[in-house]
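Let me begin by presenting the structure, written as structure tokens, before commenting on it.
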Amino acid sequence: MIKKILLSLALALPMLAAAQNVKIGLVDVQTIIQDLPAFKAAQADVDAKAKKYDEEYQKLMKEAQTKLEELQNLPADTPQPVKDRRMQELQTYDQKLAEFQQMAQQDLSKAQQEALAPVYQQVQTAIQSIGKENGFTVIQEKGAVLYFSSPAEDITPLVRARLGLK
């Protein structure tokens, strides 16, 4: 019995000693990214593309509105097949609008991911190099930590300096 207790202590002591040396860093990645010129340029490109999609969507909406007004302004004695054809045209425009909106959203999402990937990589590289240089065991997003009992160091200023931000 005593041998088991001593063996347990012998195994636990090195782990407790190692746990004392944990160095934790916190970094606010979102504020860093939003201040980077590369992020602002990438976001401006995506916004310009979004504006073009919005202009095209407005044109399609105007065409659909015109078709709706034409349908509503048909004389009462208009034959039913003509009314049905106009309704079909209006439904086709509705489908075109939905398809266009979905395609535009997918394309903008993809464009944003592609434009921001180098920015995220740049920040990730800076965080990793600071972690290695300063002996951090763990670096975590500042906003994701709800509670931690060990002292943690905010390395956001170090990352900002590494990326040339004030």
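Numbering starts fresh at 1 for the residues of each chain in the structure tokens, the chains themselves are lettered A, B, ... in the order given, and ligands are numbered from 1 as they appear.
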So that I can see what lies close to A:Asp54, please list as a VMD selection string the residues with an atom at most 10 Å from it, counting only C-alpha atoms and leaving out residues fewer than 6 positions away in the same chain. chain A and resid 48 60 101 104
Serialized selection, N, CA, C and O atoms, as a PDB file, in the first residue's frame:
```
ATOM      1  N   ALA A  48     -16.436  46.327 -53.214  1.00  0.00           N
ATOM      2  CA  ALA A  48     -16.641  46.788 -54.595  1.00  0.00           C
ATOM      3  C   ALA A  48     -17.372  45.726 -55.409  1.00  0.00           C
ATOM      4  O   ALA A  48     -18.283  46.041 -56.194  1.00  0.00           O
ATOM      5  N   LEU A  60     -32.468  43.737 -62.005  1.00  0.00           N
ATOM      6  CA  LEU A  60     -33.411  42.622 -62.103  1.00  0.00           C
ATOM      7  C   LEU A  60     -34.705  42.926 -61.347  1.00  0.00           C
ATOM      8  O   LEU A  60     -35.798  42.592 -61.815  1.00  0.00           O
ATOM      9  N   GLN A 101     -29.397  35.950 -56.340  1.00  0.00           N
ATOM     10  CA  GLN A 101     -29.046  36.309 -54.967  1.00  0.00           C
ATOM     11  C   GLN A 101     -28.202  35.204 -54.317  1.00  0.00           C
ATOM     12  O   GLN A 101     -27.198  35.482 -53.658  1.00  0.00           O
ATOM     13  N   ALA A 104     -24.698  35.186 -55.999  1.00  0.00           N
ATOM     14  CA  ALA A 104     -23.918  36.342 -55.578  1.00  0.00           C
ATOM     15  C   ALA A 104     -23.391  36.152 -54.163  1.00  0.00           C
ATOM     16  O   ALA A 104     -22.232  36.446 -53.865  1.00  0.00           O
TER      17      ALA A 104
END
```
Please extract the residues of chain A with a backbone DSSP assignment of strand (DSSP E or B) and present them as a PyMOL selection string. chain A and resi 24-27+138-141+152-154
Could you write out the selected residues, including N, CA and C atoms, as a PDB file, in the first residue's frame?
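Writing the result to result-v5.pdb gives the following:
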```
ATOM      1  N   ILE A  24       0.959  31.130 -20.590  1.00  0.00           N
ATOM      2  CA  ILE A  24      -0.230  31.301 -21.419  1.00  0.00           C
ATOM      3  C   ILE A  24      -0.274  32.725 -21.961  1.00  0.00           C
ATOM      4  N   GLY A  25      -0.548  32.819 -23.230  1.00  0.00           N
ATOM      5  CA  GLY A  25      -0.701  34.122 -23.870  1.00  0.00           C
ATOM      6  C   GLY A  25      -2.101  34.280 -24.423  1.00  0.00           C
ATOM      7  N   LEU A  26      -2.587  35.497 -24.372  1.00  0.00           N
ATOM      8  CA  LEU A  26      -3.895  35.826 -24.947  1.00  0.00           C
ATOM      9  C   LEU A  26      -3.679  36.874 -26.031  1.00  0.00           C
ATOM     10  N   VAL A  27      -4.409  36.742 -27.118  1.00  0.00           N
ATOM     11  CA  VAL A  27      -4.265  37.700 -28.210  1.00  0.00           C
ATOM     12  C   VAL A  27      -5.641  38.024 -28.783  1.00  0.00           C
ATOM     13  N   VAL A 138       0.872  28.007 -24.514  1.00  0.00           N
ATOM     14  CA  VAL A 138      -0.428  28.121 -25.174  1.00  0.00           C
ATOM     15  C   VAL A 138      -0.690  29.596 -25.466  1.00  0.00           C
ATOM     16  N   ILE A 139      -1.198  29.864 -26.664  1.00  0.00           N
ATOM     17  CA  ILE A 139      -1.690  31.204 -27.001  1.00  0.00           C
ATOM     18  C   ILE A 139      -3.119  31.012 -27.479  1.00  0.00           C
ATOM     19  N   GLN A 140      -4.017  31.768 -26.881  1.00  0.00           N
ATOM     20  CA  GLN A 140      -5.434  31.592 -27.175  1.00  0.00           C
ATOM     21  C   GLN A 140      -6.070  32.928 -27.519  1.00  0.00           C
ATOM     22  N   GLU A 141      -7.136  32.851 -28.316  1.00  0.00           N
ATOM     23  CA  GLU A 141      -7.911  34.038 -28.674  1.00  0.00           C
ATOM     24  C   GLU A 141      -8.480  34.646 -27.402  1.00  0.00           C
ATOM     25  N   ALA A 152      -2.148  34.797 -17.200  1.00  0.00           N
ATOM     26  CA  ALA A 152      -1.981  34.790 -18.651  1.00  0.00           C
ATOM     27  C   ALA A 152      -1.523  36.174 -19.080  1.00  0.00           C
ATOM     28  N   GLU A 153      -0.727  36.215 -20.133  1.00  0.00           N
ATOM     29  CA  GLU A 153      -0.164  37.464 -20.617  1.00  0.00           C
ATOM     30  C   GLU A 153      -0.846  37.859 -21.927  1.00  0.00           C
ATOM     31  N   ASP A 154      -1.240  39.112 -22.024  1.00  0.00           N
ATOM     32  CA  ASP A 154      -1.838  39.616 -23.261  1.00  0.00           C
ATOM     33  C   ASP A 154      -0.706  39.945 -24.228  1.00  0.00           C
TER      34      ASP A 154
END
```
For A:Ala117: contacts at 12 Å, only C-alpha atoms, fewer than 5 positions along chain excluded, given as a ChimeraX atom specification: /A:33,38-39,42-43,110-112,122-124
For the selection just defined, write its residues with N, CA, C and O atoms to a file, as a PDB file, in the first residue's frame.
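After the write, out_22.pdb holds the following:
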```pdb
ATOM      1  N   ILE A  33      -6.436  42.187 -36.917  1.00  0.00           N
ATOM      2  CA  ILE A  33      -6.762  42.007 -38.337  1.00  0.00           C
ATOM      3  C   ILE A  33      -7.457  43.239 -38.900  1.00  0.00           C
ATOM      4  O   ILE A  33      -7.145  43.693 -39.997  1.00  0.00           O
ATOM      5  N   ALA A  38      -3.653  45.433 -45.210  1.00  0.00           N
ATOM      6  CA  ALA A  38      -4.004  44.358 -46.145  1.00  0.00           C
ATOM      7  C   ALA A  38      -5.460  43.936 -45.967  1.00  0.00           C
ATOM      8  O   ALA A  38      -6.146  43.625 -46.952  1.00  0.00           O
ATOM      9  N   PHE A  39      -5.946  43.944 -44.728  1.00  0.00           N
ATOM     10  CA  PHE A  39      -7.347  43.606 -44.470  1.00  0.00           C
ATOM     11  C   PHE A  39      -8.249  44.664 -45.077  1.00  0.00           C
ATOM     12  O   PHE A  39      -9.247  44.351 -45.725  1.00  0.00           O
ATOM     13  N   ALA A  42      -8.331  44.273 -48.834  1.00  0.00           N
ATOM     14  CA  ALA A  42      -9.094  43.088 -49.225  1.00  0.00           C
ATOM     15  C   ALA A  42     -10.590  43.332 -49.038  1.00  0.00           C
ATOM     16  O   ALA A  42     -11.401  42.976 -49.896  1.00  0.00           O
ATOM     17  N   GLN A  43     -10.942  43.963 -47.927  1.00  0.00           N
ATOM     18  CA  GLN A  43     -12.349  44.243 -47.655  1.00  0.00           C
ATOM     19  C   GLN A  43     -12.911  45.243 -48.669  1.00  0.00           C
ATOM     20  O   GLN A  43     -14.054  45.124 -49.102  1.00  0.00           O
ATOM     21  N   LYS A 110     -16.895  33.353 -51.106  1.00  0.00           N
ATOM     22  CA  LYS A 110     -15.654  32.753 -51.618  1.00  0.00           C
ATOM     23  C   LYS A 110     -14.599  33.837 -51.843  1.00  0.00           C
ATOM     24  O   LYS A 110     -13.431  33.661 -51.482  1.00  0.00           O
ATOM     25  N   ALA A 111     -14.999  34.953 -52.411  1.00  0.00           N
ATOM     26  CA  ALA A 111     -14.051  36.049 -52.667  1.00  0.00           C
ATOM     27  C   ALA A 111     -13.484  36.588 -51.359  1.00  0.00           C
ATOM     28  O   ALA A 111     -12.286  36.892 -51.262  1.00  0.00           O
ATOM     29  N   GLN A 112     -14.330  36.686 -50.341  1.00  0.00           N
ATOM     30  CA  GLN A 112     -13.864  37.179 -49.048  1.00  0.00           C
ATOM     31  C   GLN A 112     -12.880  36.199 -48.419  1.00  0.00           C
ATOM     32  O   GLN A 112     -11.850  36.607 -47.892  1.00  0.00           O
ATOM     33  N   GLN A 122      -0.732  35.819 -42.249  1.00  0.00           N
ATOM     34  CA  GLN A 122       0.258  36.778 -41.756  1.00  0.00           C
ATOM     35  C   GLN A 122       0.163  36.917 -40.235  1.00  0.00           C
ATOM     36  O   GLN A 122       1.182  36.894 -39.537  1.00  0.00           O
ATOM     37  N   VAL A 123      -1.040  37.044 -39.725  1.00  0.00           N
ATOM     38  CA  VAL A 123      -1.247  37.173 -38.281  1.00  0.00           C
ATOM     39  C   VAL A 123      -0.863  35.875 -37.579  1.00  0.00           C
ATOM     40  O   VAL A 123      -0.202  35.894 -36.536  1.00  0.00           O
ATOM     41  N   GLN A 124      -1.245  34.747 -38.149  1.00  0.00           N
ATOM     42  CA  GLN A 124      -0.913  33.448 -37.554  1.00  0.00           C
ATOM     43  C   GLN A 124       0.598  33.260 -37.464  1.00  0.00           C
ATOM     44  O   GLN A 124       1.113  32.794 -36.448  1.00  0.00           O
TER      45      GLN A 124
END
```
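Across the structure, atom CA of A:Ile32 and atom CA of A:Ala44 are spaced 17.1 Å apart.
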Which distance in Å separates atom CA of A:Leu116 and atom CA of A:Thr137, to one decimal?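 Value for the atom CA of A:Leu116-atom CA of A:Thr137 distance: 27.2 Å.
For the set A:Thr92, A:Asp77, A:Arg85, A:Lys49, the residue with the smallest atom-to-atom gap to A:Gln105 is A:Lys49, counting only C-alpha atoms.
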Between A:Pro151, A:Ala41, A:Val119, A:Lys23, single out the one closest to A:Gly131, counting only C-alpha atoms.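 Looking at the shortest contact to A:Gly131, the residue is A:Lys23.
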Which of stretch 31-146 of chain A DSSP labels alpha helix (DSSP H), written as a compact mmCIF listing (two decimals) with C-alpha atoms, in the first residue's frame:
```txt
# COMPACT_ATOMS: atom_id res chain seq x y z
CA THR A 31 -8.74 43.93 -33.57
CA ILE A 32 -5.32 43.23 -35.05
CA ILE A 33 -6.76 42.01 -38.34
CA GLN A 34 -9.13 44.96 -38.65
CA ASP A 35 -6.23 47.39 -38.29
CA PRO A 37 -3.84 47.68 -44.26
CA ALA A 38 -4.00 44.36 -46.14
CA PHE A 39 -7.35 43.61 -44.47
CA LYS A 40 -8.73 47.01 -45.37
CA ALA A 41 -7.64 46.60 -49.01
CA ALA A 42 -9.09 43.09 -49.23
CA GLN A 43 -12.35 44.24 -47.66
CA ALA A 44 -12.54 47.18 -50.08
CA ASP A 45 -12.19 44.77 -53.02
CA VAL A 46 -14.95 42.54 -51.66
CA ASP A 47 -17.16 45.58 -51.01
CA ALA A 48 -16.64 46.79 -54.60
CA LYS A 49 -17.66 43.38 -55.90
CA ALA A 50 -20.71 43.39 -53.60
CA LYS A 51 -21.71 46.80 -54.96
CA LYS A 52 -21.63 45.46 -58.54
CA TYR A 53 -23.82 42.54 -57.53
CA ASP A 54 -26.20 44.89 -55.78
CA GLU A 55 -26.47 47.09 -58.89
CA GLU A 56 -27.27 44.04 -61.04
CA TYR A 57 -29.82 42.84 -58.48
CA GLN A 58 -31.51 46.25 -58.54
CA LYS A 59 -31.76 46.03 -62.35
CA LEU A 60 -33.41 42.62 -62.10
CA MET A 61 -35.77 43.93 -59.43
CA LYS A 62 -36.73 46.86 -61.65
CA GLU A 63 -37.47 44.51 -64.54
CA ALA A 64 -39.61 42.32 -62.27
CA GLN A 65 -41.44 45.39 -60.97
CA THR A 66 -42.14 46.48 -64.56
CA LYS A 67 -43.54 43.02 -65.38
CA LEU A 68 -45.73 43.15 -62.27
CA GLU A 69 -47.07 46.59 -63.21
CA GLU A 70 -47.79 45.37 -66.75
CA LEU A 71 -49.72 42.44 -65.33
CA GLN A 72 -51.69 44.64 -62.96
CA GLN A 80 -56.84 34.31 -69.54
CA PRO A 81 -54.00 32.71 -71.56
CA VAL A 82 -52.35 36.16 -71.87
CA LYS A 83 -52.71 36.71 -68.13
CA ASP A 84 -51.28 33.24 -67.45
CA ARG A 85 -48.29 33.91 -69.69
CA ARG A 86 -47.60 37.20 -67.88
CA MET A 87 -47.86 35.43 -64.52
CA GLN A 88 -45.41 32.81 -65.77
CA GLU A 89 -42.98 35.57 -66.80
CA LEU A 90 -43.28 37.12 -63.36
CA GLN A 91 -42.60 33.77 -61.68
CA THR A 92 -39.57 33.30 -63.92
CA TYR A 93 -38.21 36.67 -62.79
CA ASP A 94 -38.80 35.68 -59.20
CA GLN A 95 -36.76 32.50 -59.75
CA LYS A 96 -34.02 34.47 -61.51
CA LEU A 97 -33.84 36.87 -58.56
CA ALA A 98 -33.55 34.04 -56.05
CA GLU A 99 -30.89 32.23 -58.10
CA PHE A 100 -28.93 35.44 -58.65
CA GLN A 101 -29.05 36.31 -54.97
CA GLN A 102 -27.81 32.84 -53.96
CA MET A 103 -25.04 32.85 -56.58
CA ALA A 104 -23.92 36.34 -55.58
CA GLN A 105 -23.83 35.42 -51.90
CA GLN A 106 -21.75 32.30 -52.59
CA ASP A 107 -19.36 34.19 -54.84
CA LEU A 108 -18.91 37.02 -52.33
CA SER A 109 -18.28 34.55 -49.53
CA LYS A 110 -15.65 32.75 -51.62
CA ALA A 111 -14.05 36.05 -52.67
CA GLN A 112 -13.86 37.18 -49.05
CA GLN A 113 -12.26 33.92 -47.94
CA GLU A 114 -9.69 34.09 -50.73
CA ALA A 115 -8.92 37.76 -50.11
CA LEU A 116 -8.55 37.38 -46.35
CA ALA A 117 -6.60 34.09 -46.28
CA PRO A 118 -3.20 35.84 -46.66
CA VAL A 119 -4.12 38.31 -43.91
CA TYR A 120 -5.02 35.53 -41.48
CA GLN A 121 -1.83 33.67 -42.42
CA GLN A 122 0.26 36.78 -41.76
CA VAL A 123 -1.25 37.17 -38.28
CA GLN A 124 -0.91 33.45 -37.55
CA THR A 125 2.77 33.53 -38.50
CA ALA A 126 3.39 36.52 -36.21
CA ILE A 127 1.61 34.81 -33.30
CA GLN A 128 3.59 31.61 -33.78
CA SER A 129 6.93 33.40 -33.91
CA ILE A 130 6.13 35.42 -30.77
CA GLY A 131 5.02 32.23 -29.04
CA LYS A 132 8.30 30.50 -29.85
CA GLU A 133 10.49 33.50 -29.03
CA ASN A 134 8.81 34.15 -25.66
```
